[in-house]
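final_3.csv (CSV, C-alpha atoms and all ligand atoms) appears below.
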```
chain,number,residue,atom,x,y,z
A,1,MET,CA,0.0,0.0,0.0
A,2,VAL,CA,1.3,3.4,-0.9
A,3,LYS,CA,0.8,6.2,1.6
A,4,ARG,CA,-0.9,9.4,0.3
A,5,ILE,CA,-1.1,12.5,2.5
A,6,PHE,CA,-3.1,15.7,1.9
A,7,ASN,CA,-0.8,18.0,-0.1
A,8,PHE,CA,-1.9,21.6,0.2
A,9,ALA,CA,1.1,23.0,-1.5
A,10,ALA,CA,0.7,26.0,-3.8
A,11,GLY,CA,2.4,24.2,-6.6
A,12,PRO,CA,3.2,21.7,-8.0
A,13,CYS,CA,-0.2,20.4,-7.0
A,14,THR,CA,-1.6,17.1,-5.8
A,15,LEU,CA,-2.7,14.9,-8.7
A,16,PRO,CA,-5.4,12.3,-8.8
A,17,LEU,CA,-4.3,8.8,-7.7
A,18,PRO,CA,-5.9,7.1,-10.7
A,19,ALA,CA,-3.8,9.2,-13.0
A,20,LEU,CA,-0.6,8.5,-11.1
A,21,GLU,CA,-1.4,4.7,-11.0
A,22,LYS,CA,-2.1,4.6,-14.7
A,23,ALA,CA,1.1,6.4,-15.5
A,24,ALA,CA,3.0,4.0,-13.2
A,25,SER,CA,1.5,1.0,-14.9
A,26,GLU,CA,2.4,2.3,-18.4
A,27,PHE,CA,5.8,3.7,-17.5
A,28,VAL,CA,8.4,1.1,-18.3
A,29,GLU,CA,6.8,-0.1,-21.5
A,30,TYR,CA,4.2,2.1,-23.2
A,31,GLY,CA,1.7,-0.1,-25.0
A,32,SER,CA,3.6,-2.8,-26.8
A,33,SER,CA,6.3,-0.5,-28.0
A,34,GLY,CA,9.2,-2.1,-26.2
A,35,MET,CA,10.1,1.3,-24.7
A,36,SER,CA,8.8,4.0,-22.4
A,37,LEU,CA,7.0,7.0,-23.6
A,38,ILE,CA,9.9,9.3,-22.6
A,39,GLU,CA,12.3,7.4,-24.8
A,40,MET,CA,10.3,7.3,-28.0
A,41,SER,CA,10.2,9.8,-30.8
A,42,HIS,CA,7.8,12.7,-30.4
A,43,ARG,CA,7.2,12.4,-34.1
A,44,GLY,CA,6.0,8.8,-33.9
A,45,LYS,CA,2.5,7.5,-34.0
A,46,GLN,CA,2.1,6.7,-30.3
A,47,TYR,CA,3.1,10.1,-29.0
A,48,ASP,CA,1.2,11.8,-31.7
A,49,ALA,CA,-2.0,10.1,-30.5
A,50,ILE,CA,-1.3,11.3,-26.9
A,51,HIS,CA,-0.5,14.8,-28.0
A,52,ASN,CA,-3.7,15.1,-30.1
A,53,ALA,CA,-5.8,13.6,-27.3
A,54,ALA,CA,-4.4,16.0,-24.8
A,55,LEU,CA,-5.2,19.0,-27.0
A,56,ALA,CA,-8.7,17.6,-27.7
A,57,SER,CA,-9.4,16.8,-24.1
A,58,LEU,CA,-8.4,20.2,-22.8
A,59,ARG,CA,-10.6,21.8,-25.5
A,60,GLU,CA,-13.5,19.5,-24.6
A,61,VAL,CA,-13.2,19.6,-20.8
A,62,PHE,CA,-12.5,23.3,-20.5
A,63,GLY,CA,-15.1,24.2,-23.3
A,64,VAL,CA,-12.6,26.1,-25.4
A,65,PRO,CA,-14.4,27.3,-28.6
A,66,ASP,CA,-13.1,27.0,-32.1
A,67,THR,CA,-12.4,30.7,-32.1
A,68,HIS,CA,-9.3,30.0,-29.9
A,69,GLU,CA,-6.1,28.1,-30.6
A,70,ILE,CA,-4.5,26.0,-27.8
A,71,LEU,CA,-0.7,26.0,-27.5
A,72,PHE,CA,1.5,23.8,-25.4
A,73,LEU,CA,4.7,25.7,-24.6
A,74,GLN,CA,7.6,25.6,-22.1
A,75,GLY,CA,9.1,28.1,-19.7
A,76,GLY,CA,6.1,28.3,-17.4
A,77,ALA,CA,3.8,31.2,-16.8
A,78,THR,CA,7.0,33.1,-16.1
A,79,LEU,CA,8.1,33.0,-19.8
A,80,GLN,CA,4.6,34.3,-20.7
A,81,PHE,CA,5.2,37.4,-18.7
A,82,GLY,CA,7.7,38.3,-21.5
A,83,MET,CA,6.1,36.5,-24.5
A,84,VAL,CA,2.8,38.3,-24.1
A,85,PRO,CA,4.2,41.8,-24.6
A,86,MET,CA,6.8,40.7,-27.1
A,87,ASN,CA,4.0,39.2,-29.3
A,88,MET,CA,1.4,41.9,-28.8
A,89,LYS,CA,3.6,44.9,-29.0
A,90,VAL,CA,2.3,47.6,-31.4
A,91,GLU,CA,4.1,50.9,-32.1
A,92,GLY,CA,2.3,53.8,-30.4
A,93,LYS,CA,0.3,51.5,-28.0
A,94,THR,CA,0.8,50.9,-24.3
A,95,PHE,CA,0.6,47.6,-22.3
A,96,GLU,CA,-2.0,48.0,-19.5
A,97,TYR,CA,-1.8,46.0,-16.3
A,98,VAL,CA,-4.1,45.5,-13.3
A,99,ASN,CA,-1.8,45.2,-10.3
A,100,THR,CA,-3.4,42.7,-7.9
A,101,GLY,CA,-0.3,41.4,-6.1
A,102,ALA,CA,2.9,39.4,-6.4
A,103,TRP,CA,2.3,37.6,-9.7
A,104,ALA,CA,0.8,40.7,-11.5
A,105,LYS,CA,3.9,42.6,-10.5
A,106,LYS,CA,6.2,40.1,-12.2
A,107,GLY,CA,4.2,40.5,-15.4
A,108,ILE,CA,4.5,44.2,-15.1
A,109,LEU,CA,8.3,44.1,-14.6
A,110,ASP,CA,8.8,42.1,-17.8
A,111,ALA,CA,6.3,44.2,-19.9
A,112,LYS,CA,8.3,47.3,-19.0
A,113,LYS,CA,11.4,45.8,-20.6
A,114,ILE,CA,9.5,45.3,-23.8
A,115,GLY,CA,7.6,48.6,-24.2
A,116,PRO,CA,5.5,51.4,-22.6
A,117,THR,CA,3.6,50.0,-19.7
A,118,ARG,CA,0.9,51.5,-17.6
A,119,VAL,CA,-0.7,50.2,-14.4
A,120,ILE,CA,-4.4,51.1,-14.6
A,121,TRP,CA,-5.5,49.7,-11.2
A,122,THR,CA,-3.6,48.8,-8.1
A,123,ASP,CA,-4.4,48.0,-4.5
A,124,GLU,CA,-0.8,48.3,-3.4
A,125,ALA,CA,-1.7,50.8,-0.6
A,126,GLY,CA,-4.3,48.3,0.7
A,127,LYS,CA,-1.8,45.5,0.6
A,128,PHE,CA,-3.6,43.7,-2.2
A,129,MET,CA,-6.5,42.4,-0.1
A,130,ARG,CA,-9.0,42.7,-2.9
A,131,MET,CA,-9.7,42.3,-6.6
A,132,PRO,CA,-11.1,45.2,-8.5
A,133,LYS,CA,-14.8,45.1,-9.6
A,134,ALA,CA,-15.2,44.8,-13.3
A,135,ALA,CA,-16.4,48.4,-13.5
A,136,GLU,CA,-13.2,49.7,-11.9
A,137,ILE,CA,-11.2,48.6,-14.9
A,138,LYS,CA,-11.2,51.1,-17.8
A,139,ALA,CA,-9.0,50.3,-20.8
A,140,GLY,CA,-7.3,53.2,-22.5
A,141,ALA,CA,-7.9,53.9,-26.2
A,142,ASP,CA,-4.2,53.4,-26.8
A,143,ALA,CA,-3.9,50.1,-25.0
A,144,ALA,CA,-2.3,47.2,-26.8
A,145,TYR,CA,-4.0,44.9,-24.2
A,146,VAL,CA,-5.2,44.8,-20.7
A,147,HIS,CA,-3.6,42.2,-18.4
A,148,VAL,CA,-5.2,40.7,-15.3
A,149,THR,CA,-4.2,37.9,-12.9
A,150,SER,CA,-7.4,35.9,-12.3
A,151,ASN,CA,-6.1,34.4,-9.0
A,152,GLU,CA,-3.2,35.7,-6.9
A,153,THR,CA,-1.8,32.5,-5.6
A,154,ILE,CA,0.3,34.1,-2.8
A,155,GLY,CA,-2.2,36.8,-1.6
A,156,GLY,CA,-5.2,34.4,-1.8
A,157,ILE,CA,-7.5,36.6,-3.9
A,158,GLU,CA,-9.5,35.6,-6.9
A,159,MET,CA,-11.2,37.6,-9.7
A,160,PHE,CA,-14.9,36.7,-9.9
A,161,GLU,CA,-15.9,39.4,-12.4
A,162,PHE,CA,-13.8,40.0,-15.5
A,163,PRO,CA,-13.5,43.5,-16.9
A,164,ASP,CA,-15.2,44.4,-20.2
A,165,THR,CA,-12.4,45.8,-22.3
A,166,GLY,CA,-14.4,46.2,-25.5
A,167,SER,CA,-12.2,45.9,-28.5
A,168,ILE,CA,-9.0,46.0,-26.4
A,169,PRO,CA,-7.7,42.5,-26.0
A,170,LEU,CA,-8.0,41.0,-22.5
A,171,VAL,CA,-5.1,38.9,-21.4
A,172,ALA,CA,-5.2,36.7,-18.2
A,173,ASP,CA,-2.7,34.8,-16.2
A,174,MET,CA,-4.8,31.9,-15.0
A,175,SER,CA,-2.0,29.8,-13.7
A,176,SER,CA,-3.7,28.9,-10.4
A,177,ASP,CA,-7.4,28.8,-11.2
A,178,ILE,CA,-7.5,27.5,-14.8
A,179,LEU,CA,-10.0,24.7,-15.3
A,180,SER,CA,-11.7,25.4,-12.0
A,181,ARG,CA,-14.8,27.1,-13.4
A,182,PRO,CA,-16.5,27.8,-16.7
A,183,LEU,CA,-15.3,30.9,-18.5
A,184,PRO,CA,-16.8,33.4,-20.9
A,185,PHE,CA,-14.1,32.7,-23.5
A,186,GLU,CA,-15.4,35.3,-25.9
A,187,ARG,CA,-14.1,37.9,-23.5
A,188,PHE,CA,-10.6,36.7,-23.6
A,189,ALA,CA,-8.0,37.4,-26.2
A,190,LEU,CA,-5.3,35.3,-24.5
A,191,ILE,CA,-5.2,33.0,-21.4
A,192,TYR,CA,-2.0,31.4,-20.1
A,193,ALA,CA,-1.1,29.1,-17.3
A,194,GLY,CA,1.8,27.0,-16.0
A,195,ALA,CA,0.3,23.5,-15.9
A,196,GLN,CA,1.5,22.6,-12.4
A,197,LYS,CA,-1.3,24.0,-10.4
A,198,ASN,CA,-4.6,22.8,-11.8
A,199,LEU,CA,-3.7,20.9,-15.0
A,200,GLY,CA,-0.9,18.5,-14.3
A,201,PRO,CA,2.8,18.3,-13.4
A,202,ALA,CA,5.3,21.1,-14.1
A,203,GLY,CA,6.8,21.4,-17.5
A,204,ASN,CA,3.9,22.2,-19.8
A,205,THR,CA,2.5,25.8,-20.2
A,206,VAL,CA,-0.9,26.3,-21.8
A,207,VAL,CA,-1.7,29.3,-23.9
A,208,ILE,CA,-5.2,29.7,-25.3
A,209,ILE,CA,-5.3,32.5,-27.8
A,210,ARG,CA,-8.1,33.9,-30.0
A,211,LYS,CA,-7.3,33.4,-33.6
A,212,ASP,CA,-7.7,37.0,-34.7
A,213,VAL,CA,-5.3,38.1,-32.0
A,214,LEU,CA,-2.9,35.4,-33.0
A,215,GLU,CA,-3.0,36.7,-36.6
A,216,LYS,CA,-1.8,40.0,-35.4
A,217,CYS,CA,1.1,38.7,-33.3
A,218,ARG,CA,4.6,39.8,-34.2
A,219,GLU,CA,6.8,37.8,-36.5
A,220,ASP,CA,10.1,39.5,-35.8
A,221,LEU,CA,10.9,37.4,-32.8
A,222,PRO,CA,13.3,34.4,-32.3
A,223,ALA,CA,11.4,31.4,-33.4
A,224,TYR,CA,10.4,29.9,-30.1
A,225,LEU,CA,9.2,33.2,-28.7
A,226,GLY,CA,6.7,33.8,-31.4
A,227,TYR,CA,3.2,32.3,-30.8
A,228,LYS,CA,2.7,31.9,-34.6
A,229,THR,CA,5.7,29.5,-34.7
A,230,HIS,CA,3.8,27.0,-32.7
A,231,VAL,CA,0.6,26.8,-34.7
A,232,PRO,CA,1.4,24.8,-37.9
A,233,ASP,CA,2.8,21.8,-36.1
A,234,LYS,CA,0.3,21.9,-33.2
A,235,SER,CA,2.9,22.9,-30.7
A,236,MET,CA,5.5,20.4,-32.0
A,237,TYR,CA,7.8,23.0,-33.6
A,238,ASN,CA,10.4,21.5,-31.3
A,239,THR,CA,10.4,18.6,-28.9
A,240,PRO,CA,7.4,19.1,-26.6
A,241,THR,CA,7.3,18.2,-22.9
A,242,VAL,CA,6.2,14.6,-23.7
A,243,PHE,CA,5.8,13.3,-20.2
A,244,ALA,CA,4.2,16.4,-18.8
A,245,ILE,CA,1.6,16.5,-21.6
A,246,TYR,CA,0.9,12.8,-21.1
A,247,MET,CA,0.3,13.4,-17.4
A,248,MET,CA,-1.9,16.3,-18.1
A,249,LYS,CA,-4.0,14.1,-20.4
A,250,LEU,CA,-4.4,11.5,-17.7
A,251,ASN,CA,-5.5,14.3,-15.3
A,252,LEU,CA,-8.0,15.5,-17.8
A,253,ASP,CA,-9.3,11.9,-18.2
A,254,TRP,CA,-9.9,11.9,-14.5
A,255,VAL,CA,-11.6,15.3,-14.5
A,256,LYS,CA,-13.9,14.0,-17.2
A,257,SER,CA,-14.6,10.8,-15.4
A,258,VAL,CA,-15.8,12.5,-12.2
A,259,GLY,CA,-18.1,15.1,-13.9
A,260,GLY,CA,-15.9,17.6,-15.8
A,261,LEU,CA,-15.7,21.3,-15.3
A,262,LYS,CA,-19.0,21.7,-13.5
A,263,GLU,CA,-17.9,19.2,-10.9
A,264,MET,CA,-14.5,21.0,-10.5
A,265,ASP,CA,-16.4,24.2,-9.9
A,266,LYS,CA,-18.6,22.6,-7.3
A,267,ARG,CA,-15.8,21.0,-5.5
A,268,ALA,CA,-13.8,24.2,-5.4
A,269,SER,CA,-16.7,26.0,-3.8
A,270,LYS,CA,-17.2,23.2,-1.3
A,271,ARG,CA,-13.6,22.9,-0.3
A,272,ALA,CA,-13.1,26.6,0.1
A,273,GLY,CA,-16.4,27.0,2.0
A,274,ILE,CA,-15.3,24.4,4.5
A,275,ILE,CA,-12.0,26.1,5.3
A,276,TYR,CA,-13.4,29.7,5.3
A,277,GLY,CA,-16.1,28.3,7.5
A,278,ALA,CA,-13.5,27.0,10.0
A,279,ILE,CA,-11.9,30.4,10.0
A,280,ASP,CA,-15.2,32.4,10.3
A,281,ASN,CA,-16.5,30.1,13.0
A,282,SER,CA,-13.4,30.5,15.2
A,283,GLY,CA,-14.6,33.7,16.9
A,284,GLY,CA,-11.8,35.6,15.4
A,285,TRP,CA,-9.0,33.2,16.5
A,286,TYR,CA,-8.2,32.3,12.9
A,287,ARG,CA,-8.3,35.4,10.7
A,288,CYS,CA,-8.5,35.6,6.9
A,289,PRO,CA,-7.1,39.0,6.0
A,290,VAL,CA,-8.5,39.3,2.5
A,291,ASP,CA,-11.7,41.0,1.5
A,292,LYS,CA,-14.7,38.6,1.7
A,293,ALA,CA,-15.8,39.2,-1.9
A,294,SER,CA,-12.3,38.4,-3.2
A,295,ARG,CA,-11.6,35.3,-1.2
A,296,SER,CA,-9.8,32.8,-3.4
A,297,ARG,CA,-11.3,29.3,-3.8
A,298,MET,CA,-7.9,27.9,-4.7
A,299,ASN,CA,-5.6,29.4,-2.1
A,300,VAL,CA,-7.1,30.1,1.3
A,301,VAL,CA,-4.8,32.3,3.5
A,302,TRP,CA,-5.2,32.8,7.2
A,303,ARG,CA,-3.4,33.9,10.4
A,304,LEU,CA,-3.4,32.8,14.0
A,305,PRO,CA,-3.2,35.1,17.0
A,306,THR,CA,0.6,35.0,17.2
A,307,GLU,CA,3.5,33.8,15.0
A,308,GLU,CA,4.5,31.4,17.7
A,309,LEU,CA,1.1,29.7,17.4
A,310,GLU,CA,1.4,29.7,13.6
A,311,GLU,CA,4.7,27.9,13.9
A,312,LYS,CA,3.2,25.4,16.3
A,313,PHE,CA,0.1,24.9,14.1
A,314,LEU,CA,2.3,24.2,11.0
A,315,GLY,CA,4.5,21.7,13.0
A,316,GLU,CA,1.5,19.8,14.3
A,317,ALA,CA,-0.3,19.9,11.0
A,318,GLY,CA,2.8,18.4,9.3
A,319,LYS,CA,2.9,15.6,11.8
A,320,ALA,CA,-0.8,14.9,11.2
A,321,ASP,CA,0.0,14.5,7.4
A,322,PHE,CA,-1.3,17.9,6.2
A,323,SER,CA,1.6,19.1,4.0
A,324,GLY,CA,2.4,22.4,2.4
A,325,LEU,CA,0.3,24.7,4.7
A,326,LYS,CA,3.0,27.3,5.3
A,327,GLY,CA,2.1,30.7,3.8
A,328,HIS,CA,4.4,32.2,1.2
A,329,ARG,CA,7.6,33.6,2.7
A,330,SER,CA,6.7,37.1,1.7
A,331,VAL,CA,3.4,37.1,3.7
A,332,GLY,CA,3.8,34.5,6.4
A,333,GLY,CA,0.8,32.8,8.1
A,334,CYS,CA,-0.9,29.7,6.7
A,335,ARG,CA,-2.2,28.9,3.2
A,336,ALA,CA,-4.2,25.9,2.0
A,337,SER,CA,-3.9,25.5,-1.7
A,338,MET,CA,-6.7,23.3,-3.0
A,339,TYR,CA,-6.5,22.6,-6.7
A,340,ASN,CA,-8.7,20.4,-8.8
A,341,ALA,CA,-7.5,17.0,-7.5
A,342,MET,CA,-7.7,17.9,-3.8
A,343,PRO,CA,-10.5,15.8,-2.4
A,344,VAL,CA,-13.3,17.5,-0.4
A,345,GLU,CA,-12.3,15.1,2.3
A,346,GLY,CA,-9.0,16.9,2.6
A,347,ALA,CA,-10.7,20.2,3.4
A,348,GLU,CA,-13.0,18.4,5.9
A,349,LYS,CA,-10.1,16.8,7.7
A,350,LEU,CA,-8.1,20.1,7.8
A,351,ALA,CA,-11.1,22.0,9.2
A,352,GLU,CA,-11.5,19.3,11.9
A,353,PHE,CA,-7.8,19.7,12.7
A,354,MET,CA,-8.1,23.5,12.8
A,355,ALA,CA,-11.0,23.3,15.3
A,356,GLY,CA,-9.1,20.8,17.5
A,357,PHE,CA,-5.9,22.9,17.4
A,358,LYS,CA,-7.9,26.0,18.5
A,359,LYS,CA,-9.5,24.1,21.4
A,360,ARG,CA,-6.1,22.9,22.6
A,361,ASN,CA,-4.4,26.3,22.4
A,362,SER,CA,-6.9,29.0,23.2
B,401,LIG,C1,2.8,29.9,-10.1
B,401,LIG,C2,2.4,31.1,-10.8
B,401,LIG,C3,3.1,31.7,-11.8
B,401,LIG,C4,4.5,31.2,-12.2
B,401,LIG,O1,4.4,30.0,-12.9
B,401,LIG,P1,5.6,29.2,-13.4
B,401,LIG,O2,4.9,28.2,-14.3
B,401,LIG,O3,6.3,28.6,-12.3
B,401,LIG,O4,6.4,30.1,-14.2
B,401,LIG,C5,2.6,32.8,-12.5
B,401,LIG,N1,1.4,33.3,-12.2
B,401,LIG,C6,0.6,32.7,-11.2
B,401,LIG,C7,-0.7,33.3,-10.9
B,401,LIG,C8,1.1,31.6,-10.5
B,401,LIG,O5,0.3,31.1,-9.5
```
Please lay out the structure from this file as structure tokens.
Ligand SMILES: *Cc1c(COP(=O)(O)O)cnc(C)c1O
Amino acid sequence: MVKRIFNFAAGPCTLPLPALEKAASEFVEYGSSGMSLIEMSHRGKQYDAIHNAALASLREVFGVPDTHEILFLQGGATLQFGMVPMNMKVEGKTFEYVNTGAWAKKGILDAKKIGPTRVIWTDEAGKFMRMPKAAEIKAGADAAYVHVTSNETIGGIEMFEFPDTGSIPLVADMSSDILSRPLPFERFALIYAGAQKNLGPAGNTVVIIRKDVLEKCREDLPAYLGYKTHVPDKSMYNTPTVFAIYMMKLNLDWVKSVGGLKEMDKRASKRAGIIYGAIDNSGGWYRCPVDKASRSRMNVVWRLPTEELEEKFLGEAGKADFSGLKGHRSVGGCRASMYNAMPVEGAEKLAEFMAGFKKRNS
């Protein structure tokens, strides 16, 4: 029997056991090929079938319409911080950013290196405790695009209303909440995500780009950095991240088997509701610092009365097989990251543990 603990780490994420077991059973020899998947040609029939199935599954499970192209790239969401402005740069236009916290800031830093960049909304003074309402975001007439971060993984805030930017392309970093809820795709020009939070293991990066926006992307870039490069060969311009894409496909198979996107959405609300409930019902002993309307369903952050108690909490939680609950080093406290494959039972057990810890220590 293998031992599986509840992994609340912010990324890489926990993955469903059936996907891991399937991969293990197929690892040494894939099909009857006489070799493993990671040894065979990515131009061969067997990998080609996996690659196409992964693309088709993501389109089906996430509900990506034909108006949008799906790309599998490398370099994580971090490379997208640079690739987005490089590809969408237009002379005389400005990149516009909504500054919602740590990840948005990294995008802004890279954009500034590529061209004129303007922050059109920020809650820096409020320490990034809330997301803007849709109506607070006004795109400038000279904007090349407006960039938002749909979920700030470190701060624990999530965007539940997306701005209406009219004819200005809306770009979103969805690394930590992709595939957790249905999306109005028609609103988005480009969505990107490192796969290792909600989609699979690290290595693959997903870019979903509207075809008319893709058409206008720059062509004067080194080959890999141009989005257009990756279209004709369906993201096989060079060697793709074979194993990461295969694992993502197995994860998508699992999502489909348990009820698809709707079920992921339901589970996310349920898990988050349980942990926020444990915080709210503690009489102020546990405190969630973020604005109620912006509370992330993916990353729940909270504090205890003192840092000493936080340290004790994390120590005891670790011994009780709850892993990865330490808040990001930049903000401290505790954080429970609950991506698609986190069972509701994990949240229930953690809430129980939180109630017990409070009883013993207050
Ligand atoms: C994790 C994360 C990133 C960075 O992703 P990498 O794939 O590691 O580059 C960017 N944005 C958000 C919102 C994230 O959560």
| request: Show me as a PyMOL selection string the residues that reach within 12 Å of (4.7, 19.5, -12.1), counting all atoms listed in the file and using the file's own coordinates. | output: chain A and resi 9-15+76+194-205+241+243-248+251
| said: Would you compute the distance between CA of Phe162 in chain A and CA of Ala134 in chain A? Give it in Å to one decimal. | reply: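 That distance, rounded to one decimal, is 5.5 Å.
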For ligand LIG 401 (chain B), collect every residue having any atom at a distance of at most 10 Å from a ligand atom (counting all atoms listed in the file); output as a PDB file with C-alpha atoms, keeping the file's coordinate frame.
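And here's pocket08.pdb as it stands now:
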```
ATOM      1  CA  ALA A  10       0.700  26.000  -3.800  1.00  0.00           C
ATOM      2  CA  GLY A  11       2.400  24.200  -6.600  1.00  0.00           C
ATOM      3  CA  PRO A  12       3.200  21.700  -8.000  1.00  0.00           C
ATOM      4  CA  GLN A  74       7.600  25.600 -22.100  1.00  0.00           C
ATOM      5  CA  GLY A  75       9.100  28.100 -19.700  1.00  0.00           C
ATOM      6  CA  GLY A  76       6.100  28.300 -17.400  1.00  0.00           C
ATOM      7  CA  ALA A  77       3.800  31.200 -16.800  1.00  0.00           C
ATOM      8  CA  THR A  78       7.000  33.100 -16.100  1.00  0.00           C
ATOM      9  CA  LEU A  79       8.100  33.000 -19.800  1.00  0.00           C
ATOM     10  CA  GLN A  80       4.600  34.300 -20.700  1.00  0.00           C
ATOM     11  CA  PHE A  81       5.200  37.400 -18.700  1.00  0.00           C
ATOM     12  CA  GLY A 101      -0.300  41.400  -6.100  1.00  0.00           C
ATOM     13  CA  ALA A 102       2.900  39.400  -6.400  1.00  0.00           C
ATOM     14  CA  TRP A 103       2.300  37.600  -9.700  1.00  0.00           C
ATOM     15  CA  ALA A 104       0.800  40.700 -11.500  1.00  0.00           C
ATOM     16  CA  LYS A 105       3.900  42.600 -10.500  1.00  0.00           C
ATOM     17  CA  LYS A 106       6.200  40.100 -12.200  1.00  0.00           C
ATOM     18  CA  GLY A 107       4.200  40.500 -15.400  1.00  0.00           C
ATOM     19  CA  VAL A 148      -5.200  40.700 -15.300  1.00  0.00           C
ATOM     20  CA  THR A 149      -4.200  37.900 -12.900  1.00  0.00           C
ATOM     21  CA  SER A 150      -7.400  35.900 -12.300  1.00  0.00           C
ATOM     22  CA  ASN A 151      -6.100  34.400  -9.000  1.00  0.00           C
ATOM     23  CA  GLU A 152      -3.200  35.700  -6.900  1.00  0.00           C
ATOM     24  CA  THR A 153      -1.800  32.500  -5.600  1.00  0.00           C
ATOM     25  CA  ILE A 154       0.300  34.100  -2.800  1.00  0.00           C
ATOM     26  CA  GLU A 158      -9.500  35.600  -6.900  1.00  0.00           C
ATOM     27  CA  ALA A 172      -5.200  36.700 -18.200  1.00  0.00           C
ATOM     28  CA  ASP A 173      -2.700  34.800 -16.200  1.00  0.00           C
ATOM     29  CA  MET A 174      -4.800  31.900 -15.000  1.00  0.00           C
ATOM     30  CA  SER A 175      -2.000  29.800 -13.700  1.00  0.00           C
ATOM     31  CA  SER A 176      -3.700  28.900 -10.400  1.00  0.00           C
ATOM     32  CA  ASP A 177      -7.400  28.800 -11.200  1.00  0.00           C
ATOM     33  CA  ILE A 178      -7.500  27.500 -14.800  1.00  0.00           C
ATOM     34  CA  TYR A 192      -2.000  31.400 -20.100  1.00  0.00           C
ATOM     35  CA  ALA A 193      -1.100  29.100 -17.300  1.00  0.00           C
ATOM     36  CA  GLY A 194       1.800  27.000 -16.000  1.00  0.00           C
ATOM     37  CA  ALA A 195       0.300  23.500 -15.900  1.00  0.00           C
ATOM     38  CA  GLN A 196       1.500  22.600 -12.400  1.00  0.00           C
ATOM     39  CA  LYS A 197      -1.300  24.000 -10.400  1.00  0.00           C
ATOM     40  CA  ASN A 198      -4.600  22.800 -11.800  1.00  0.00           C
ATOM     41  CA  ALA A 202       5.300  21.100 -14.100  1.00  0.00           C
ATOM     42  CA  GLY A 203       6.800  21.400 -17.500  1.00  0.00           C
ATOM     43  CA  ASN A 204       3.900  22.200 -19.800  1.00  0.00           C
ATOM     44  CA  THR A 205       2.500  25.800 -20.200  1.00  0.00           C
ATOM     45  CA  VAL A 206      -0.900  26.300 -21.800  1.00  0.00           C
ATOM     46  CA  ASN A 299      -5.600  29.400  -2.100  1.00  0.00           C
TER      47      ASN A 299
END
```
| Between CA of Leu221 in chain A and CA of Val146 in chain A, distance in Å (one decimal) |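 Here the two named atoms are 21.5 Å from each other.
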Tell me, counting all atoms listed in the file, for each residue of range 9-86 of chain A within 12 Å of range 257-263 of chain A, which pair of atoms is nearest and how far apart they are in Å to one decimal, in rows ordered by chain and increasing number, as JSON lines.
```
{"residue": "A:Pro16", "atom": "CA", "partner": "A:Val258", "partner_atom": "CA", "distance": 10.9}
{"residue": "A:Pro18", "atom": "CA", "partner": "A:Ser257", "partner_atom": "CA", "distance": 10.6}
{"residue": "A:Ala19", "atom": "CA", "partner": "A:Ser257", "partner_atom": "CA", "distance": 11.2}
{"residue": "A:Ser57", "atom": "CA", "partner": "A:Gly260", "partner_atom": "CA", "distance": 10.6}
{"residue": "A:Leu58", "atom": "CA", "partner": "A:Leu261", "partner_atom": "CA", "distance": 10.5}
{"residue": "A:Arg59", "atom": "CA", "partner": "A:Leu261", "partner_atom": "CA", "distance": 11.4}
{"residue": "A:Glu60", "atom": "CA", "partner": "A:Gly260", "partner_atom": "CA", "distance": 9.3}
{"residue": "A:Val61", "atom": "CA", "partner": "A:Gly260", "partner_atom": "CA", "distance": 6.0}
{"residue": "A:Phe62", "atom": "CA", "partner": "A:Leu261", "partner_atom": "CA", "distance": 6.4}
{"residue": "A:Gly63", "atom": "CA", "partner": "A:Leu261", "partner_atom": "CA", "distance": 8.5}
{"residue": "A:Val64", "atom": "CA", "partner": "A:Leu261", "partner_atom": "CA", "distance": 11.6}
```
| request: Provide the CA of Thr67 in chain A to CA of Leu190 in chain A distance in Å, to one decimal place. | output: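 It comes out at 11.4 Å.
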| Polymer residues at most 7 Å from range 118-121 of chain A, all atoms listed in the file, same-chain spacing of 3 or more positions, as a count of residues only | 7
| task | Determine the nearest neighbour of Lys312 in chain A from the options A:Asn361, A:Ser337, A:Asn281, A:Ser269, counting only C-alpha atoms. | result |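 Distance minimum relative to Lys312 in chain A lands on A:Asn361.
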| task | Find the residues near Tyr30 in chain A: any atom within 12 Å, counting all atoms listed in the file, skip ones fewer than 2 places away on the same chain, and give them as a list of chain:residue names. | result |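 The filter keeps A:Lys22, A:Ala23, A:Ala24, A:Ser25, A:Glu26, A:Phe27, A:Val28, A:Ser32, A:Ser33, A:Gly34, A:Met35, A:Ser36, A:Leu37, A:Ile38, A:Glu39, A:Met40, A:Gln46, A:Tyr47, A:Ile50, A:Phe243, A:Tyr246.
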| message | When you count all atoms listed in the file, which of these residues is closest to Lys249 in chain A: A:Leu214, A:Met131, A:Leu55, A:Ile157? | response |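 Residue with the minimum atom-to-atom distance to Lys249 in chain A: A:Leu55.
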| Which one of A:Val207, A:Leu250, A:Ile274, A:Met342 sits closest to His230 in chain A if you count all atoms listed in the file? |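 Residue with the minimum atom-to-atom distance to His230 in chain A: A:Val207.
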